[in-house]
$ cat target-v9.txt   # compact mmCIF, C-alpha atoms
# COMPACT_ATOMS: atom_id res chain seq x y z
CA MET A 1 -19.15 23.99 -0.17
CA PHE A 2 -16.77 23.15 2.64
CA ALA A 3 -17.29 19.47 2.37
CA VAL A 4 -14.01 18.87 4.13
CA ARG A 5 -14.66 20.31 7.55
CA PHE A 6 -11.69 19.34 9.64
CA GLY A 7 -8.66 21.54 9.95
CA PRO A 8 -7.69 24.92 8.50
CA ALA A 9 -5.33 23.41 5.94
CA ALA A 10 -8.10 21.26 4.52
CA ILE A 11 -10.42 24.26 4.37
CA VAL A 12 -7.80 26.24 2.47
CA ALA A 13 -7.27 23.32 0.11
CA ASP A 14 -10.99 22.98 -0.45
CA LEU A 15 -11.33 26.70 -1.05
CA LEU A 16 -8.51 26.63 -3.62
CA PHE A 17 -10.17 23.67 -5.26
CA GLY A 18 -13.46 25.56 -5.38
CA ILE A 19 -11.81 28.59 -7.00
CA TYR A 20 -10.07 26.35 -9.51
CA ARG A 21 -13.35 24.63 -10.27
CA ARG A 22 -15.19 27.92 -10.81
CA THR A 23 -12.46 29.30 -13.07
CA LEU A 24 -11.96 26.27 -15.25
CA GLY A 25 -15.55 25.09 -15.07
CA SER A 26 -16.80 28.35 -16.54
CA LEU A 27 -14.57 27.80 -19.58
CA ASP A 28 -16.59 24.73 -20.50
CA LEU A 29 -13.52 22.57 -20.99
CA ASP A 30 -13.25 18.86 -20.40
CA VAL A 31 -11.15 19.21 -17.26
CA ARG A 32 -10.02 16.04 -15.60
CA ASP A 33 -9.40 16.85 -11.96
CA TYR A 34 -7.00 14.04 -11.22
CA THR A 35 -4.93 14.94 -14.28
CA VAL A 36 -4.72 18.54 -13.09
CA LEU A 37 -3.92 17.44 -9.54
CA ALA A 38 -1.16 15.07 -10.67
CA ILE A 39 0.50 17.69 -12.88
CA ALA A 40 0.18 20.34 -10.17
CA MET A 41 1.84 18.05 -7.63
CA CYS A 42 4.78 17.35 -9.93
CA VAL A 43 5.23 21.03 -10.72
CA ALA A 44 5.02 21.92 -7.03
CA VAL A 45 7.69 19.38 -6.09
CA LEU A 46 9.98 20.45 -8.94
CA VAL A 47 9.63 24.14 -8.06
CA LEU A 48 10.17 23.38 -4.38
CA GLU A 49 13.45 21.58 -5.05
CA LEU A 50 14.83 23.57 -7.98
CA ARG A 51 13.89 27.05 -6.82
CA ILE A 52 13.40 26.99 -3.05
CA TRP A 53 15.09 24.19 -1.13
CA ARG A 54 17.87 23.36 -3.61
CA THR A 55 19.05 20.28 -1.75
CA GLY A 56 20.73 18.90 -4.86
CA LEU A 57 18.75 15.66 -4.57
CA PHE A 58 18.21 15.33 -8.32
CA ARG A 59 21.95 15.30 -8.93
CA LEU A 60 22.45 12.25 -6.74
CA ARG A 61 22.89 8.90 -8.41
CA ALA A 62 21.30 7.31 -5.34
CA TYR A 63 18.12 9.31 -5.95
CA ARG A 64 17.86 8.34 -9.61
CA VAL A 65 18.49 4.68 -8.85
CA THR A 66 15.94 4.81 -6.03
CA MET A 67 13.33 6.24 -8.35
CA MET A 68 13.97 3.55 -10.96
CA ILE A 69 13.68 0.78 -8.36
CA CYS A 70 10.58 2.36 -6.85
CA LEU A 71 9.03 2.70 -10.30
CA GLY A 72 9.41 -1.03 -10.79
CA PHE A 73 7.84 -1.93 -7.46
CA MET A 74 5.24 0.78 -7.83
CA VAL A 75 3.87 -0.93 -10.93
CA LEU A 76 3.39 -4.11 -8.90
CA VAL A 77 1.87 -2.48 -5.81
CA ASN A 78 -0.18 0.09 -7.69
CA GLY A 79 -1.27 -2.56 -10.14
CA TRP A 80 -2.58 -4.62 -7.26
CA LEU A 81 -4.43 -1.62 -5.83
CA THR A 82 -6.01 -0.48 -9.09
CA LYS A 83 -6.51 -3.65 -11.12
CA LEU A 84 -9.94 -3.49 -12.67
CA SER A 85 -10.82 -7.11 -11.86
CA ALA A 86 -10.88 -6.41 -8.10
CA PRO A 87 -9.96 -2.77 -7.44
CA ILE A 88 -9.05 -1.62 -3.96
CA VAL A 89 -9.01 1.94 -5.28
CA ALA A 90 -11.53 2.79 -7.99
CA TYR A 91 -11.10 5.94 -10.07
CA THR A 92 -13.93 8.06 -11.36
CA PRO A 93 -13.61 7.69 -15.15
CA ARG A 94 -14.40 11.31 -15.98
CA GLU A 95 -11.77 12.67 -13.56
CA PHE A 96 -8.65 11.10 -15.07
CA SER A 97 -7.23 10.71 -18.54
CA GLY A 98 -8.45 7.15 -18.96
CA TRP A 99 -5.02 5.87 -19.90
CA ARG A 100 -4.01 2.80 -17.97
CA PRO A 101 -0.65 1.92 -19.51
CA ILE A 102 0.16 -1.20 -17.50
CA TRP A 103 -1.88 -3.43 -15.19
CA ASP A 104 -4.68 -0.87 -15.06
CA VAL A 105 -2.49 1.71 -13.32
CA PRO A 106 -3.74 5.15 -14.36
CA LEU A 107 -1.12 7.33 -16.00
CA GLU A 108 -1.72 9.97 -13.33
CA ASP A 109 -0.69 7.55 -10.61
CA PHE A 110 2.87 7.59 -11.93
CA ALA A 111 2.97 11.36 -11.55
CA PHE A 112 1.39 11.09 -8.09
CA GLY A 113 3.98 8.49 -7.13
CA PHE A 114 6.86 10.59 -8.43
CA ALA A 115 5.67 13.63 -6.47
CA MET A 116 5.01 11.68 -3.31
CA LEU A 117 8.31 9.81 -3.26
CA THR A 118 10.37 12.82 -4.27
CA PHE A 119 8.73 15.01 -1.64
CA SER A 120 9.30 12.38 1.04
CA LEU A 121 12.96 12.01 0.05
CA LEU A 122 13.34 15.79 0.01
CA CYS A 123 11.96 15.99 3.53
CA TRP A 124 14.28 13.17 4.58
CA VAL A 125 17.33 14.87 3.10
CA ARG A 126 16.31 18.15 4.70
CA THR A 127 16.35 16.61 8.16
CA GLU A 128 20.00 15.68 7.81
CA THR A 129 21.77 17.65 10.51
CA ARG A 130 25.39 16.75 9.86
CA ARG A 131 27.61 18.20 7.13
CA THR A 132 26.40 17.42 3.59
CA PRO A 133 26.91 13.65 3.39
CA PHE A 134 25.13 13.40 0.08
CA SER A 135 27.52 15.44 -1.98
CA ARG A 136 30.39 13.49 -3.40
CA SER A 137 32.82 16.35 -3.08
CA SER A 138 35.27 16.20 -0.22
CA ASN A 139 35.08 19.94 0.21
CA PRO A 140 33.78 20.53 3.73
CA ASP A 141 32.06 23.86 3.09
CA GLY A 142 30.00 22.39 0.27
CA SER A 143 31.16 24.76 -2.47
CA ASP A 144 32.08 22.17 -5.02
CA GLY A 145 32.30 24.37 -8.05
CA ALA A 146 30.59 25.81 -11.05
CA ASP A 147 27.28 23.99 -11.47
CA GLU A 148 26.13 24.64 -7.91
CA ARG A 149 23.86 27.66 -8.41
CA PRO A 150 23.97 31.02 -10.17
CA MET B 1 -9.68 -12.14 5.14
CA ALA B 2 -10.36 -10.05 2.08
CA HIS B 3 -10.69 -7.01 4.32
CA LEU B 4 -7.03 -7.25 5.22
CA GLN B 5 -5.84 -7.16 1.61
CA TYR B 6 -4.71 -3.53 1.56
CA PHE B 7 -2.93 -3.90 4.91
CA ALA B 8 -1.29 -7.11 3.76
CA LEU B 9 0.04 -5.35 0.68
CA LEU B 10 1.61 -2.59 2.78
CA GLY B 11 2.99 -5.12 5.25
CA GLY B 12 4.58 -6.97 2.35
CA CYS B 13 6.26 -3.78 1.16
CA LEU B 14 7.72 -3.09 4.61
CA LEU B 15 8.83 -6.69 5.02
CA LEU B 16 10.48 -6.73 1.62
CA THR B 17 12.47 -3.56 2.31
CA LEU B 18 13.39 -4.48 5.89
CA PRO B 19 16.63 -6.32 4.89
CA LEU B 20 17.96 -3.05 3.45
CA GLU B 21 18.25 -1.76 6.98
CA PHE B 22 20.72 -4.52 7.86
CA LEU B 23 22.30 -5.76 4.63
CA PHE B 24 23.07 -2.27 3.35
CA GLN B 25 23.12 -0.52 6.72
CA ALA B 26 20.53 1.94 5.54
CA ARG B 27 20.13 3.08 9.18
CA VAL B 28 16.64 4.43 8.73
CA TYR B 29 14.74 2.66 11.51
CA ARG B 30 17.72 3.27 13.75
CA ARG B 31 17.22 7.01 13.29
CA ILE B 32 13.56 6.86 14.21
CA GLY B 33 13.47 10.43 15.50
CA ARG B 34 14.71 11.81 12.23
CA LEU B 35 12.31 9.55 10.36
CA VAL B 36 9.36 10.93 12.32
CA ARG B 37 10.50 14.51 11.73
CA ALA B 38 10.94 13.87 8.01
CA MET B 39 7.65 12.06 7.56
CA ALA B 40 5.40 14.50 9.41
CA ALA B 41 5.04 17.05 6.61
CA PRO B 42 4.49 14.56 3.75
CA LEU B 43 1.98 12.63 5.83
CA LEU B 44 -0.09 15.72 6.62
CA ILE B 45 0.05 17.07 3.08
CA PHE B 46 -0.86 13.81 1.39
CA TRP B 47 -3.55 13.15 3.98
CA MET B 48 -5.01 16.52 3.02
CA ILE B 49 -4.72 15.93 -0.73
CA ASP B 50 -6.21 12.47 -0.40
CA SER B 51 -9.18 13.67 1.63
CA VAL B 52 -9.90 16.47 -0.82
CA ALA B 53 -9.66 13.97 -3.69
CA LEU B 54 -11.99 11.62 -1.86
CA VAL B 55 -14.56 14.30 -1.10
CA ARG B 56 -14.41 15.45 -4.72
CA HIS B 57 -14.90 11.88 -5.94
CA LEU B 58 -11.63 11.57 -7.80
CA TRP B 59 -11.42 8.05 -6.44
CA THR B 60 -13.13 5.78 -3.94
CA TYR B 61 -11.97 2.91 -1.76
CA SER B 62 -13.34 -0.59 -1.84
CA ARG B 63 -15.22 -1.52 1.33
CA ARG B 64 -14.51 -5.12 0.60
CA TYR B 65 -10.72 -4.89 0.73
CA THR B 66 -10.33 -2.43 3.63
CA VAL B 67 -10.95 -3.11 7.31
CA GLY B 68 -13.57 -0.39 7.54
CA LEU B 69 -11.89 1.92 10.02
CA VAL B 70 -11.88 5.53 8.87
CA VAL B 71 -10.04 8.59 10.13
CA PRO B 72 -11.20 12.22 9.98
CA HIS B 73 -11.75 13.29 6.37
CA LYS B 74 -13.44 9.91 5.86
CA LEU B 75 -10.24 8.23 4.75
CA PRO B 76 -9.77 4.52 5.31
CA ILE B 77 -7.03 3.99 7.86
CA GLU B 78 -5.07 2.04 5.24
CA GLU B 79 -4.39 5.26 3.35
CA ILE B 80 -2.64 6.73 6.37
CA ALA B 81 -0.61 3.54 6.63
CA PHE B 82 0.16 3.87 2.92
CA PHE B 83 1.55 7.39 3.35
CA VAL B 84 3.76 6.09 6.15
CA ALA B 85 4.85 2.76 4.70
CA ILE B 86 5.63 3.65 1.09
CA PRO B 87 7.88 6.66 1.86
CA ILE B 88 9.72 4.50 4.42
CA CYS B 89 10.36 1.96 1.66
CA ALA B 90 11.65 4.71 -0.62
CA ILE B 91 13.87 6.20 2.10
CA LEU B 92 15.30 2.77 2.89
CA THR B 93 16.09 2.23 -0.80
CA PHE B 94 17.62 5.69 -1.04
CA GLU B 95 19.79 5.23 2.03
CA ALA B 96 20.89 1.78 0.87
CA ALA B 97 21.86 3.14 -2.56
CA ASN B 98 23.53 6.08 -0.88
CA ALA B 99 25.52 3.80 1.40
CA VAL B 100 26.82 1.85 -1.58
CA TYR B 101 27.61 4.85 -3.79
CA SER B 102 29.29 6.77 -1.01
CA GLY B 103 31.49 3.76 -0.31
CA ARG B 104 30.29 3.44 3.27
CA VAL B 105 29.04 -0.06 2.57
CA VAL B 106 30.27 -2.63 0.10
CA ALA B 107 27.32 -4.12 -1.76
CA PRO B 108 26.61 -7.72 -0.64
CA TRP B 109 27.29 -9.09 -4.12
CA ARG B 110 30.74 -7.48 -4.07
CA ARG B 111 31.69 -8.28 -0.52
CA ASP B 112 34.39 -10.83 -1.31
CA LYS B 113 36.04 -8.53 -3.79
CA GLY B 114 35.85 -5.65 -1.36
CA ARG B 115 37.45 -7.60 1.45
CA ARG B 116 40.29 -8.69 -0.79
CA ARG B 117 40.92 -5.13 -1.87
CA TYR B 118 40.95 -3.95 1.71
CA GLU B 119 43.40 -6.64 2.77
CA GLY B 120 45.69 -5.70 -0.07
CA ARG B 121 45.82 -2.12 1.08
CA HIS B 122 46.39 -3.23 4.60
CA VAL B 123 49.33 -5.44 3.65
CA ARG B 124 50.97 -2.69 1.64
CA ARG B 125 50.90 -0.42 4.64
$ encode --input "target-v9.txt" --output "structure tokens"
Amino acid sequence: MFAVRFGPAAIVADLLFGIYRRTLGSLDLDVRDYTVLAIAMCVAVLVLELRIWRTGLFRLRAYRVTMMICLGFMVLVNGWLTKLSAPIVAYTPREFSGWRPIWDVPLEDFAFGFAMLTFSLLCWVRTETRRTPFSRSSNPDGSDGADERP
Amino acid sequence: MAHLQYFALLGGCLLLTLPLEFLFQARVYRRIGRLVRAMAAPLLIFWMIDSVALVRHLWTYSRRYTVGLVVPHKLPIEEIAFFVAIPICAILTFEAANAVYSGRVVAPWRRDKGRRRYEGRHVRR
């Protein structure tokens, strides 16, 4: 059961995975684990930013441009890692959707990449100690108006 | 040489993004302490997710294209490098874009124009 033995966090993760497996497995559905994982990661990151941390990262033009640039390079790098002719990472066919839109990159990898990069950038922005350098408003106390938060 | 392929790929990514640090004054490597603090949580979380995925056979790693060193949770050491290198690339890109959009740095392709504009302001004063 606890195939991952090292560290309490891994045990918790494995336990959650086991519960998820029991619940969904008993429904006799065709559940693709990587698909579920990828969606869960995206939802977790979105909830973390929009409901908990609220750094305002998504409103930054720099963030959106970064994600577009990274998407471009991700196709190249990920394509190299997952190309079916000589894969460095091989995916279990029954655990992902089977869609490989471009250069054999699984669709789920795009979601994984989005979650990973966004989470990393969130953590980076969170470690900023000075006054909010990312907001374009010149207002020093950060209250730049209506669309801030309810 | 094939064993080094994954590492070479990551090295290429870091090399390609290195100029951002200087050309755009991204100032990411220069704030190494902050970088370490920011990267700790993502590294641990993705290490955990990756090891669970590996143990549950969501994906496997080629023995041919990795050096063969593994870390606890049976992950190839390249994956740890991946979770360090790729976010650094993203942060460098973000800081470079941020430097340009905040006006802290004039983009290299606009440098001449920017200098002229600055001189004009200077003369007026």
$ closest_atom_pairs --input "target-v9.txt" --of "chain B" --to "chain A" --cutoff "6 Å" --atoms "all atoms listed in the file" --output "tab-separated table"
residue	atom	partner	partner_atom	distance
B:Ala38	CA	A:Trp124	CA	4.8
B:Pro42	CA	A:Ser120	CA	5.9
B:Met48	CA	A:Ala10	CA	5.9
B:Leu58	CA	A:Thr92	CA	5.5
B:Trp59	CA	A:Tyr91	CA	4.2
B:Thr60	CA	A:Ala90	CA	5.3
B:Tyr61	CA	A:Val89	CA	4.7
B:Ser62	CA	A:Ile88	CA	4.9
B:Tyr65	CA	A:Ile88	CA	6.0
B:Pro87	CA	A:Ser120	CA	6.0
B:Thr93	CA	A:Thr66	CA	5.8
B:Phe94	CA	A:Thr66	CA	5.3
B:Ala97	CA	A:Ala62	CA	5.0
B:Asn98	CA	A:Ala62	CA	5.1
$ write_last_selection --input "target-v9.txt" --atoms "C-alpha atoms" --output "mmCIF file, in the frame of the given file"
data_model
loop_
_atom_site.group_PDB
_atom_site.id
_atom_site.type_symbol
_atom_site.label_atom_id
_atom_site.label_comp_id
_atom_site.auth_asym_id
_atom_site.auth_seq_id
_atom_site.Cartn_x
_atom_site.Cartn_y
_atom_site.Cartn_z
ATOM 1 C CA ALA B 38 10.940 13.870 8.010
ATOM 2 C CA PRO B 42 4.490 14.560 3.750
ATOM 3 C CA MET B 48 -5.010 16.520 3.020
ATOM 4 C CA LEU B 58 -11.630 11.570 -7.800
ATOM 5 C CA TRP B 59 -11.420 8.050 -6.440
ATOM 6 C CA THR B 60 -13.130 5.780 -3.940
ATOM 7 C CA TYR B 61 -11.970 2.910 -1.760
ATOM 8 C CA SER B 62 -13.340 -0.590 -1.840
ATOM 9 C CA TYR B 65 -10.720 -4.890 0.730
ATOM 10 C CA PRO B 87 7.880 6.660 1.860
ATOM 11 C CA THR B 93 16.090 2.230 -0.800
ATOM 12 C CA PHE B 94 17.620 5.690 -1.040
ATOM 13 C CA ALA B 97 21.860 3.140 -2.560
ATOM 14 C CA ASN B 98 23.530 6.080 -0.880
#
$ residues_around --input "target-v9.txt" --residues "stretch 18-22 of chain B" --least-positions-apart "6" --cutoff "12 Å" --atoms "only C-alpha atoms" --output "list in words"
Gly11, Gly12, Val28, Tyr29, Arg30, Arg31, Ala85, Ile88, Cys89, Ala90, Ile91, Leu92, Thr93, Phe94, Glu95, Ala96, Ala97, Asn98, Ala99, Val100, Val105, Ala107 and Pro108 of chain B
$ residues_near_point --input "target-v9.txt" --point "(-1.8, -0.9, 3.3)" --cutoff "6 Å" --atoms "all atoms listed in the file" --output "MDAnalysis selection string"
chainID B and resid 6:7 9:10 78 81:82
$ axis_aligned_box --input "target-v9.txt" --around "stretch 34-41 of chain B" --padding-each-side "4 Å" --output "JSON"
{"center_x": 9.9, "center_y": 13.3, "center_z": 9.5, "size_x": 17.7, "size_y": 15.5, "size_z": 13.7}
$ atom_distance --input "target-v9.txt" --atom1 "atom CA of B:His3" --atom2 "atom CA of B:Val67"
4.9 Å
$ atom_distance --input "target-v9.txt" --atom1 "atom CA of B:Asp50" --atom2 "atom CA of B:Leu75"
7.8 Å
$ atom_distance --input "target-v9.txt" --atom1 "atom CA of A:Val43" --atom2 "atom CA of A:Leu107"
16.0 Å
